>>> print(open('start_6.cif').read())   # mmCIF, C-alpha atoms
data_target
#
loop_
_atom_site.label_atom_id
_atom_site.label_comp_id
_atom_site.auth_asym_id
_atom_site.auth_seq_id
_atom_site.Cartn_x
_atom_site.Cartn_y
_atom_site.Cartn_z
CA TYR A 2 0.00 0.00 0.00
CA GLY A 3 2.83 2.35 0.84
CA ALA A 4 4.53 1.62 -2.49
CA LEU A 5 1.33 2.41 -4.36
CA LYS A 6 0.86 5.74 -2.65
CA SER A 7 4.43 6.80 -3.35
CA CYS A 8 3.78 6.17 -7.06
CA ASP A 9 0.39 7.88 -7.26
CA GLY A 10 1.80 10.49 -9.64
CA TYR A 11 2.30 7.77 -12.22
CA ILE A 12 -0.98 5.90 -11.72
CA GLN A 13 -4.03 7.08 -13.66
CA PHE A 14 -6.34 4.24 -12.57
CA ALA A 15 -5.90 1.29 -10.22
CA MET A 16 -8.41 -1.23 -8.92
CA LEU A 17 -7.70 -3.43 -5.92
CA THR A 18 -9.70 -6.62 -5.37
CA GLY A 19 -9.49 -9.39 -2.82
CA VAL A 20 -11.43 -11.50 -0.37
CA THR A 21 -11.57 -9.65 2.93
CA LYS A 22 -10.60 -6.02 3.16
CA PHE A 23 -8.34 -4.93 5.98
CA GLY A 24 -8.81 -1.36 7.13
CA LYS A 25 -7.15 1.13 4.80
CA VAL A 26 -6.53 3.27 7.86
CA SER A 27 -4.89 2.13 11.11
CA VAL A 28 -2.78 -0.84 9.99
CA PHE A 29 -2.33 0.39 6.39
CA SER A 30 -2.53 4.13 6.91
CA ASP A 31 -0.04 4.76 4.08
CA LEU A 32 -2.89 4.52 1.59
CA ASN A 33 -5.97 6.23 2.98
CA ASN A 34 -7.45 7.91 -0.09
CA LEU A 35 -9.08 4.88 -1.72
CA MET A 36 -12.65 4.96 -3.00
CA ASP A 37 -14.33 1.87 -1.57
CA ILE A 38 -16.99 0.69 -4.04
CA SER A 39 -17.85 -2.59 -2.26
CA MET A 40 -21.38 -1.55 -1.24
CA ILE A 41 -22.17 1.23 -3.75
CA ASN A 42 -25.31 0.56 -5.81
CA ARG A 43 -23.99 1.67 -9.21
CA PHE A 44 -21.15 -0.84 -9.01
CA SER A 45 -23.22 -3.72 -7.66
CA GLU A 46 -23.31 -5.61 -10.98
CA ILE A 47 -19.55 -5.62 -11.61
CA CYS A 48 -18.97 -9.00 -9.99
CA GLY A 49 -21.21 -11.82 -11.12
CA ILE A 50 -23.82 -12.53 -13.78
CA THR A 51 -27.32 -11.08 -13.70
CA GLU A 52 -30.47 -13.01 -14.63
CA GLU A 53 -30.69 -11.07 -17.88
CA GLU A 54 -27.05 -11.81 -18.76
CA LEU A 55 -27.51 -15.48 -17.97
CA HIS A 56 -30.26 -15.86 -20.56
CA ARG A 57 -28.65 -13.51 -23.09
CA TYR A 58 -25.29 -15.27 -23.21
CA PHE A 59 -25.95 -18.79 -21.93
CA ASP A 60 -29.42 -19.73 -23.15
CA ASP A 61 -28.07 -22.39 -25.53
CA ASP A 62 -26.03 -23.85 -22.67
CA ILE A 63 -29.12 -23.97 -20.45
CA HIS A 64 -31.04 -25.89 -23.12
CA THR A 65 -28.12 -28.33 -23.52
CA LEU A 66 -27.86 -28.74 -19.74
CA ALA A 67 -31.60 -29.43 -19.51
CA GLU A 68 -31.25 -32.13 -22.14
CA LYS A 69 -28.27 -33.71 -20.34
CA LEU A 70 -30.08 -33.66 -17.00
CA GLY A 71 -33.34 -34.90 -18.45
CA THR A 72 -35.24 -31.94 -17.05
CA GLY A 73 -37.28 -29.19 -18.67
CA TYR A 74 -35.89 -25.75 -19.43
CA GLU A 75 -37.84 -24.02 -16.65
CA GLU A 76 -36.84 -26.58 -14.05
CA THR A 77 -33.18 -26.30 -15.07
CA CYS A 78 -33.35 -22.50 -14.71
CA ALA A 79 -34.88 -22.92 -11.26
CA ARG A 80 -32.09 -25.28 -10.20
CA LEU A 81 -29.41 -22.89 -11.45
CA LYS A 82 -31.06 -20.07 -9.50
CA LEU A 83 -31.36 -22.13 -6.32
CA ASN A 84 -27.72 -23.20 -6.42
CA TYR A 85 -25.83 -20.20 -7.81
CA ASP A 86 -27.93 -17.01 -7.62
CA GLY A 87 -28.59 -14.71 -4.67
CA TYR A 88 -25.50 -12.54 -4.15
CA HIS A 89 -26.32 -8.91 -3.31
CA PHE A 90 -23.54 -6.33 -2.95
CA SER A 91 -25.81 -3.49 -1.87
CA PHE A 92 -29.36 -3.29 -0.55
CA LYS A 93 -30.67 -2.33 -4.02
CA SER A 94 -28.53 -4.79 -5.92
CA PRO A 95 -30.17 -7.36 -8.23
CA GLY A 96 -29.42 -10.98 -7.50
CA MET A 97 -26.08 -12.04 -8.98
CA TYR A 98 -25.05 -15.52 -10.12
CA ASN A 99 -21.63 -16.93 -9.26
CA PRO A 100 -19.76 -16.92 -12.62
CA PHE A 101 -17.21 -19.53 -11.52
CA SER A 102 -19.92 -22.03 -10.64
CA LEU A 103 -21.99 -21.29 -13.75
CA LEU A 104 -19.05 -21.72 -16.12
CA ASN A 105 -18.06 -24.99 -14.47
CA THR A 106 -21.66 -26.19 -14.64
CA PHE A 107 -21.86 -25.52 -18.38
CA ALA A 108 -18.37 -26.93 -19.01
CA ASN A 109 -19.19 -30.18 -17.19
CA MET A 110 -22.91 -30.17 -17.95
CA GLN A 111 -23.51 -31.03 -14.31
CA ILE A 112 -24.88 -29.05 -11.36
CA ASP A 113 -22.48 -29.43 -8.45
CA ASN A 114 -20.79 -27.51 -5.61
CA TYR A 115 -17.90 -25.86 -7.44
CA TRP A 116 -17.17 -22.61 -5.61
CA PHE A 117 -16.43 -24.13 -2.24
CA ALA A 118 -13.61 -26.20 -3.75
CA THR A 119 -11.68 -23.00 -4.50
CA GLY A 120 -10.83 -22.44 -0.85
CA THR A 121 -11.65 -23.50 2.69
CA PRO A 122 -12.56 -21.03 5.45
CA THR A 123 -10.22 -22.47 8.08
CA TYR A 124 -9.50 -19.09 9.66
CA LEU A 125 -13.21 -18.35 9.80
CA VAL A 126 -14.05 -21.64 11.51
CA GLU A 127 -11.30 -21.13 14.08
CA LEU A 128 -12.64 -17.63 14.77
CA MET A 129 -16.17 -18.99 15.30
CA LYS A 130 -14.97 -21.72 17.64
CA GLN A 131 -12.69 -19.39 19.57
CA HIS A 132 -15.60 -17.09 20.43
CA ASN A 133 -18.22 -19.85 20.91
CA TYR A 134 -20.30 -18.46 18.08
CA ASN A 135 -23.81 -19.93 17.88
CA VAL A 136 -23.94 -21.44 14.40
CA GLU A 137 -27.73 -21.13 14.12
CA GLU A 138 -27.43 -17.34 14.37
CA ILE A 139 -25.56 -17.22 11.07
CA GLU A 140 -28.78 -17.52 9.06
CA ASP A 141 -30.52 -14.44 10.40
CA ILE A 142 -27.90 -11.85 11.27
CA VAL A 143 -28.97 -8.22 11.58
CA THR A 144 -26.14 -5.70 11.68
CA SER A 145 -25.11 -2.26 10.51
CA GLY A 146 -23.20 -1.11 7.44
CA PRO A 147 -20.12 0.03 9.38
CA VAL A 148 -19.77 -3.48 10.87
CA LEU A 149 -19.87 -5.09 7.42
CA ASP A 150 -17.54 -2.45 6.05
CA SER A 151 -14.73 -2.88 8.54
CA ILE A 152 -12.22 -5.47 9.58
CA ASP A 153 -8.68 -5.34 10.86
CA SER A 154 -6.04 -7.89 11.68
CA ALA A 155 -7.10 -7.96 15.35
CA SER A 156 -10.80 -8.44 14.64
CA THR A 157 -12.59 -10.95 16.86
CA ASP A 158 -16.05 -10.58 15.31
CA PRO A 159 -16.65 -13.36 12.74
CA VAL A 160 -19.60 -11.60 11.04
CA PRO A 161 -17.59 -9.17 8.83
CA VAL A 162 -15.25 -12.01 7.87
CA ILE A 163 -18.15 -14.31 6.96
CA TYR A 164 -19.81 -11.57 4.92
CA GLN A 165 -16.71 -10.31 3.10
CA SER A 166 -15.62 -13.87 2.31
CA GLY A 167 -18.88 -14.42 0.42
CA TYR A 168 -20.53 -16.96 2.70
CA LEU A 169 -23.24 -14.45 3.64
CA THR A 170 -24.92 -11.80 1.55
CA ILE A 171 -27.47 -9.01 1.98
CA LYS A 172 -31.02 -10.35 2.23
CA GLY A 173 -32.83 -7.26 3.45
CA TYR A 174 -32.39 -3.65 4.57
CA ASN A 175 -34.22 -1.55 7.15
CA GLU A 176 -33.96 2.07 6.00
CA GLU A 177 -35.27 3.48 9.28
CA PHE A 178 -32.55 1.87 11.39
CA GLU A 179 -30.03 1.43 8.55
CA ASN A 180 -29.59 -2.23 9.42
CA TYR A 181 -28.81 -5.11 7.06
CA THR A 182 -30.21 -8.63 7.32
CA LEU A 183 -27.74 -11.27 6.16
CA GLY A 184 -28.17 -14.85 5.00
CA PHE A 185 -26.70 -17.50 2.76
CA PRO A 186 -26.89 -16.47 -0.90
CA ASN A 187 -27.76 -19.90 -2.28
CA ARG A 188 -27.79 -23.64 -1.67
CA GLU A 189 -24.24 -24.18 -2.96
CA VAL A 190 -22.79 -21.89 -0.31
CA GLU A 191 -25.05 -23.08 2.51
CA GLN A 192 -24.42 -26.79 1.95
CA GLY A 193 -20.70 -26.29 1.36
CA PHE A 194 -20.34 -24.21 4.49
CA PHE A 195 -22.04 -26.72 6.78
CA ARG A 196 -20.21 -29.64 5.19
CA PHE A 197 -16.93 -27.96 6.02
CA LEU A 198 -18.03 -27.10 9.56
CA LEU A 199 -19.03 -30.63 10.59
CA PRO A 200 -15.57 -32.30 10.70
CA ASN A 201 -14.21 -29.21 12.45
CA TYR A 202 -16.79 -29.44 15.24
CA ALA A 203 -17.45 -33.17 15.58
CA SER A 204 -15.43 -36.35 15.78
CA VAL A 205 -16.04 -37.44 12.18
CA SER A 206 -13.74 -37.49 9.18
CA VAL A 207 -14.31 -35.49 6.00
CA THR A 208 -14.62 -38.66 3.92
CA LYS A 209 -17.03 -40.38 6.31
CA SER A 210 -19.43 -37.52 7.08
CA PRO A 211 -21.48 -37.71 3.81
CA TYR A 212 -22.28 -41.38 4.47
CA GLU A 213 -23.16 -40.67 8.09
CA ILE A 214 -25.54 -37.90 7.04
CA GLN A 215 -27.21 -40.29 4.59
CA ARG A 216 -27.78 -42.82 7.38
CA PHE A 217 -29.12 -40.06 9.66
CA VAL A 218 -31.70 -39.11 7.03
CA GLU A 219 -32.84 -42.70 6.56
CA GLU A 220 -33.25 -43.25 10.31
CA VAL A 221 -35.07 -40.00 11.04
CA ARG A 222 -37.44 -40.43 8.09
CA LYS A 223 -38.62 -43.79 9.38
CA GLY A 224 -38.79 -42.70 13.02
CA ASP A 225 -35.89 -44.83 14.24
CA VAL A 226 -34.81 -42.38 16.94
CA ASP A 227 -32.72 -44.89 18.91
CA SER A 228 -30.51 -45.65 15.90
CA PHE A 229 -30.27 -41.98 15.06
CA LEU A 230 -29.16 -41.00 18.57
CA SER A 231 -26.75 -43.92 18.79
CA ARG A 232 -25.12 -42.75 15.58
CA LEU A 233 -25.16 -39.16 16.79
CA GLN A 234 -23.45 -40.28 19.98
CA THR A 235 -20.43 -41.39 17.94
CA PHE A 236 -20.12 -37.82 16.61
CA PHE A 237 -19.40 -36.66 20.14
CA ASP A 238 -17.25 -39.58 21.22
CA ASP A 239 -13.56 -38.86 21.61
CA ILE A 240 -13.90 -35.20 20.68
CA PRO A 241 -10.46 -33.68 21.36
CA TYR A 242 -10.41 -31.38 24.36
CA GLU A 243 -9.66 -28.32 22.20
CA LEU A 244 -12.81 -29.00 20.15
CA ALA A 245 -15.00 -28.97 23.25
CA PRO A 246 -14.61 -25.39 24.53
CA ARG A 247 -15.55 -23.90 27.85
CA ASP A 248 -19.14 -23.32 26.72
CA ARG A 249 -19.87 -26.96 25.99
CA GLU A 250 -23.63 -26.49 25.73
CA VAL A 251 -23.21 -24.10 22.78
CA HIS A 252 -20.71 -26.49 21.22
CA TYR A 253 -23.14 -29.43 21.46
CA GLN A 254 -25.97 -27.33 20.06
CA ASN A 255 -23.76 -26.28 17.16
CA ILE A 256 -23.01 -29.88 16.23
CA LEU A 257 -26.69 -30.82 16.38
CA TYR A 258 -27.69 -27.84 14.26
CA ILE A 259 -25.01 -28.55 11.63
CA VAL A 260 -26.07 -32.20 11.40
CA PHE A 261 -29.75 -31.34 10.97
CA LYS A 262 -29.00 -28.67 8.35
CA LEU A 263 -26.99 -31.17 6.32
CA MET A 264 -29.82 -33.65 6.62
CA GLY A 265 -32.03 -31.14 4.83
CA PHE A 266 -34.82 -31.18 7.39
CA HIS A 267 -36.50 -28.15 8.87
CA ALA A 268 -34.66 -27.58 12.16
CA GLU A 269 -35.33 -24.76 14.61
CA VAL A 270 -33.11 -24.16 17.64
CA GLU A 271 -34.65 -22.45 20.68
CA TYR A 272 -38.15 -22.84 19.20
CA HIS A 273 -40.55 -20.41 20.91
CA THR A 274 -43.90 -21.59 22.27
CA SER A 275 -46.38 -19.89 24.60
CA ARG A 276 -44.91 -21.91 27.48
CA GLY A 277 -41.21 -21.40 26.81
CA ARG A 278 -38.43 -22.30 24.39
CA VAL A 279 -37.81 -25.80 23.09
CA ASP A 280 -34.12 -26.58 22.60
CA LEU A 281 -34.69 -28.11 19.17
CA VAL A 282 -37.66 -28.88 16.92
CA LEU A 283 -37.02 -31.11 13.90
CA LYS A 284 -39.72 -31.59 11.26
CA THR A 285 -39.95 -34.27 8.56
CA SER A 286 -42.87 -35.17 6.29
CA ASP A 287 -44.17 -37.70 8.85
CA TYR A 288 -42.71 -36.69 12.22
CA ILE A 289 -42.14 -33.69 14.47
CA TYR A 290 -39.34 -34.26 16.97
CA VAL A 291 -39.49 -32.11 20.10
CA MET A 292 -36.05 -32.33 21.70
CA GLU A 293 -34.82 -30.99 25.03
CA PHE A 294 -31.17 -31.20 26.10
CA LYS A 295 -29.52 -31.12 29.51
CA LEU A 296 -25.86 -30.75 30.34
CA ASP A 297 -24.76 -32.75 33.38
CA GLY A 298 -28.38 -33.32 34.31
CA THR A 299 -30.56 -36.31 33.44
CA ALA A 300 -32.63 -37.39 30.46
CA GLU A 301 -35.56 -37.67 32.86
CA GLU A 302 -35.23 -33.96 33.72
CA ALA A 303 -35.24 -33.09 30.03
CA MET A 304 -38.38 -35.15 29.40
CA ALA A 305 -40.05 -33.72 32.51
CA GLN A 306 -39.47 -30.21 31.17
CA ILE A 307 -41.07 -31.12 27.85
CA ASP A 308 -44.15 -32.43 29.68
CA ALA A 309 -44.33 -29.73 32.35
CA LYS A 310 -44.19 -26.90 29.84
CA GLY A 311 -46.43 -28.64 27.31
CA TYR A 312 -43.97 -28.21 24.44
CA ALA A 313 -45.57 -31.00 22.40
CA SER A 314 -49.04 -29.43 22.65
CA ALA A 315 -47.88 -26.64 20.33
CA PHE A 316 -48.07 -29.20 17.51
CA ALA A 317 -51.32 -30.92 18.52
CA ALA A 318 -53.16 -29.65 15.43
CA ASP A 319 -50.45 -30.92 13.11
CA GLY A 320 -51.19 -34.21 11.38
CA ARG A 321 -47.67 -35.51 11.85
CA LYS A 322 -46.67 -37.79 14.71
CA VAL A 323 -45.02 -35.87 17.57
CA VAL A 324 -42.04 -37.59 19.17
CA LYS A 325 -40.63 -36.26 22.45
CA VAL A 326 -36.92 -36.77 23.06
CA GLY A 327 -35.04 -35.94 26.27
CA VAL A 328 -31.25 -36.02 26.01
CA ASN A 329 -28.52 -35.53 28.57
CA PHE A 330 -24.92 -34.63 27.74
CA SER A 331 -22.02 -35.34 30.07
CA SER A 332 -19.19 -32.80 30.28
CA GLU A 333 -17.02 -35.54 31.80
CA THR A 334 -17.37 -37.97 28.89
CA ARG A 335 -17.99 -35.15 26.38
CA THR A 336 -20.75 -37.09 24.64
CA ILE A 337 -24.42 -38.05 24.93
CA ASP A 338 -24.93 -39.75 28.28
CA ARG A 339 -28.54 -41.02 27.98
CA TRP A 340 -31.80 -40.33 26.19
CA ILE A 341 -35.52 -41.02 26.62
CA ILE A 342 -38.10 -41.24 23.84
CA ALA A 343 -41.85 -40.84 24.30
#
>>> encode(input="start_6.cif", output="structure tokens")
Amino acid sequence: YGALKSCDGYIQFAMLTGVTKFGKVSVFSDLNNLMDISMINRFSEICGITEEELHRYFDDDIHTLAEKLGTGYEETCARLKLNYDGYHFSFKSPGMYNPFSLLNTFANMQIDNYWFATGTPTYLVELMKQHNYNVEEIEDIVTSGPVLDSIDSASTDPVPVIYQSGYLTIKGYNEEFENYTLGFPNREVEQGFFRFLLPNYASVSVTKSPYEIQRFVEEVRKGDVDSFLSRLQTFFDDIPYELAPRDREVHYQNILYIVFKLMGFHAEVEYHTSRGRVDLVLKTSDYIYVMEFKLDGTAEEAMAQIDAKGYASAFAADGRKVVKVGVNFSSETRTIDRWIIA
């Protein structure tokens, strides 16, 4: 930065790009006269491909892809949008497609998770674990522009890093309070992010986790809760001490949330009812699982809380079968100690 500023008499135009932006003042105060265009509306279409551009330049590719996949044109467009669209670089920005993922899709004639293979957010994950960040909060973050716009080498807040790295994008804007609502831009990013998180939080290898998730789905769909919890128990077994931080309850909740997100079911942590908050509600096409967790308590206490507060009654009008699950974690063994199903 200092070298650039000393040569500004010879530079007519320069554009700096990167992943995360470290403050141009403080640490790099040598170059403090930059124009930051990251969140300016008129530049919001520079990076990415708009819906109009997709159909103007790649319509033949979409038709070919639809033929290869055996799907109709409209369905193929919907799948491309679900997986690769959704980036917003300002609150008035149109949705932008990821060009890297689109080009790879058309080159291979296959919809897949391409972008996540370009890099892994190791620093980000370590930052989240270091500060016991609640993973479920990542999907509905509300923050201000200055927070998104700033980061320095000593930053301990993972939100600007997550946003500037492209794992979150702008989903909404409150003009009165000048606050931004953030969320995952698309399915490719969401699935890739949680897939990377799981081996970093739980005792499961990268190669084995996809198979384990498949088995989880099969067991939960058919209501085999005992098998599901037994398998889940192995995710907590032998977790290294450094992976089980001082706030173990948050750590256990994070693992559960990541697993359920990867399973593709509708999971809600701290589900609010008129009688209180359920630790976790998991919904499938046939079942609603009402789950309460205790740390160094008993499974009986967890089940008693479900009954005493009438958590299950909130779903009495639902046609699906309601299954109550009380689970106790042990900080000594760092795994699931016991569970009760009713």
>>> resolve_selection(input="start_6.cif", expression="the PyMOL selection byres ((chain A and resi 82) around 10)", output="PyMOL selection string")
chain A and resi 52+76-81+83-87+96-99+187-188
>>> atom_distance(input="start_6.cif", atom1="CA of Phe92 in chain A", atom2="CA of Tyr174 in chain A")
6.0 Å
>>> atom_distance(input="start_6.cif", atom1="CA of Asn105 in chain A", atom2="CA of Lys262 in chain A")
25.6 Å
>>> atom_distance(input="start_6.cif", atom1="CA of Leu103 in chain A", atom2="CA of Arg57 in chain A")
13.9 Å
>>> resolve_selection(input="start_6.cif", expression="the PyMOL selection byres ((chain A and resi 229) around 12)", output="ChimeraX atom specification")
/A:213-228,230-236,257,260-261,264,326,340,342
>>> resolve_selection(input="start_6.cif", expression="the PyMOL selection byres ((chain A and resi 141) around 12)", output="PyMOL selection string")
chain A and resi 135-140+142-144+160+169-173+181-185
>>> write_last_selection(input="start_6.cif", atoms="C-alpha atoms", output="tab-separated table (two decimals), keeping the file's coordinate frame")
chain	number	residue	atom	x	y	z
A	135	ASN	CA	-23.81	-19.93	17.88
A	136	VAL	CA	-23.94	-21.44	14.40
A	137	GLU	CA	-27.73	-21.13	14.12
A	138	GLU	CA	-27.43	-17.34	14.37
A	139	ILE	CA	-25.56	-17.22	11.07
A	140	GLU	CA	-28.78	-17.52	9.06
A	142	ILE	CA	-27.90	-11.85	11.27
A	143	VAL	CA	-28.97	-8.22	11.58
A	144	THR	CA	-26.14	-5.70	11.68
A	160	VAL	CA	-19.60	-11.60	11.04
A	169	LEU	CA	-23.24	-14.45	3.64
A	170	THR	CA	-24.92	-11.80	1.55
A	171	ILE	CA	-27.47	-9.01	1.98
A	172	LYS	CA	-31.02	-10.35	2.23
A	173	GLY	CA	-32.83	-7.26	3.45
A	181	TYR	CA	-28.81	-5.11	7.06
A	182	THR	CA	-30.21	-8.63	7.32
A	183	LEU	CA	-27.74	-11.27	6.16
A	184	GLY	CA	-28.17	-14.85	5.00
A	185	PHE	CA	-26.70	-17.50	2.76
>>> axis_aligned_box(input="start_6.cif", around="range 215-234 of chain A", padding_each_side="4 Å", output="JSON")
{"center_x": -31.1, "center_y": -42.4, "center_z": 12.3, "size_x": 23.3, "size_y": 14.5, "size_z": 23.4}
>>> residues_around(input="start_6.cif", residues="Ile307 in chain A", least_positions_apart="2", cutoff="9 Å", atoms="only C-alpha atoms", output="ChimeraX atom specification")
/A:279,291-293,302-305,309-313,325-327
>>> write_last_selection(input="start_6.cif", atoms="C-alpha atoms", output="mmCIF file, keeping the file's coordinate frame")
data_model
loop_
_atom_site.group_PDB
_atom_site.id
_atom_site.type_symbol
_atom_site.label_atom_id
_atom_site.label_comp_id
_atom_site.auth_asym_id
_atom_site.auth_seq_id
_atom_site.Cartn_x
_atom_site.Cartn_y
_atom_site.Cartn_z
ATOM 1 C CA VAL A 279 -37.810 -25.800 23.090
ATOM 2 C CA VAL A 291 -39.490 -32.110 20.100
ATOM 3 C CA MET A 292 -36.050 -32.330 21.700
ATOM 4 C CA GLU A 293 -34.820 -30.990 25.030
ATOM 5 C CA GLU A 302 -35.230 -33.960 33.720
ATOM 6 C CA ALA A 303 -35.240 -33.090 30.030
ATOM 7 C CA MET A 304 -38.380 -35.150 29.400
ATOM 8 C CA ALA A 305 -40.050 -33.720 32.510
ATOM 9 C CA ALA A 309 -44.330 -29.730 32.350
ATOM 10 C CA LYS A 310 -44.190 -26.900 29.840
ATOM 11 C CA GLY A 311 -46.430 -28.640 27.310
ATOM 12 C CA TYR A 312 -43.970 -28.210 24.440
ATOM 13 C CA ALA A 313 -45.570 -31.000 22.400
ATOM 14 C CA LYS A 325 -40.630 -36.260 22.450
ATOM 15 C CA VAL A 326 -36.920 -36.770 23.060
ATOM 16 C CA GLY A 327 -35.040 -35.940 26.270
#
>>> closest_residue(input="start_6.cif", among="A:Met36, A:Val207, A:Gly167, A:Met110", to="Pro186 in chain A", atoms="only C-alpha atoms")
A:Gly167
>>> closest_residue(input="start_6.cif", among="A:Val282, A:Ala67, A:Leu296, A:Leu198", to="Ser332 in chain A", atoms="only C-alpha atoms")
A:Leu296
>>> closest_residue(input="start_6.cif", among="A:Ser91, A:Thr72, A:Ser7, A:Thr285", to="Ile47 in chain A", atoms="only C-alpha atoms")
A:Ser91
>>> residues_near_point(input="start_6.cif", point="(-25.2, -39.4, 28.2)", cutoff="9 Å", atoms="all atoms listed in the file", output="number ranges by chain")
A: 234, 296-297, 299-300, 328-331, 334-340
>>> residues_around(input="start_6.cif", residues="Asp62 in chain A", least_positions_apart="3", cutoff="10 Å", atoms="all atoms listed in the file", output="tab-separated table (two decimals) with C-alpha atoms, keeping the file's coordinate frame")
chain	number	residue	atom	x	y	z
A	55	LEU	CA	-27.51	-15.48	-17.97
A	56	HIS	CA	-30.26	-15.86	-20.56
A	58	TYR	CA	-25.29	-15.27	-23.21
A	59	PHE	CA	-25.95	-18.79	-21.93
A	65	THR	CA	-28.12	-28.33	-23.52
A	66	LEU	CA	-27.86	-28.74	-19.74
A	67	ALA	CA	-31.60	-29.43	-19.51
A	68	GLU	CA	-31.25	-32.13	-22.14
A	104	LEU	CA	-19.05	-21.72	-16.12
A	106	THR	CA	-21.66	-26.19	-14.64
A	107	PHE	CA	-21.86	-25.52	-18.38
A	108	ALA	CA	-18.37	-26.93	-19.01
A	110	MET	CA	-22.91	-30.17	-17.95
>>> closest_residue(input="start_6.cif", among="A:Lys322, A:Pro147, A:Leu35, A:Gly3", to="Met16 in chain A", atoms="only C-alpha atoms")
A:Leu35
>>> closest_residue(input="start_6.cif", among="A:Arg321, A:Asn175, A:Ala315, A:Glu301", to="Asp287 in chain A", atoms="all atoms listed in the file")
A:Arg321
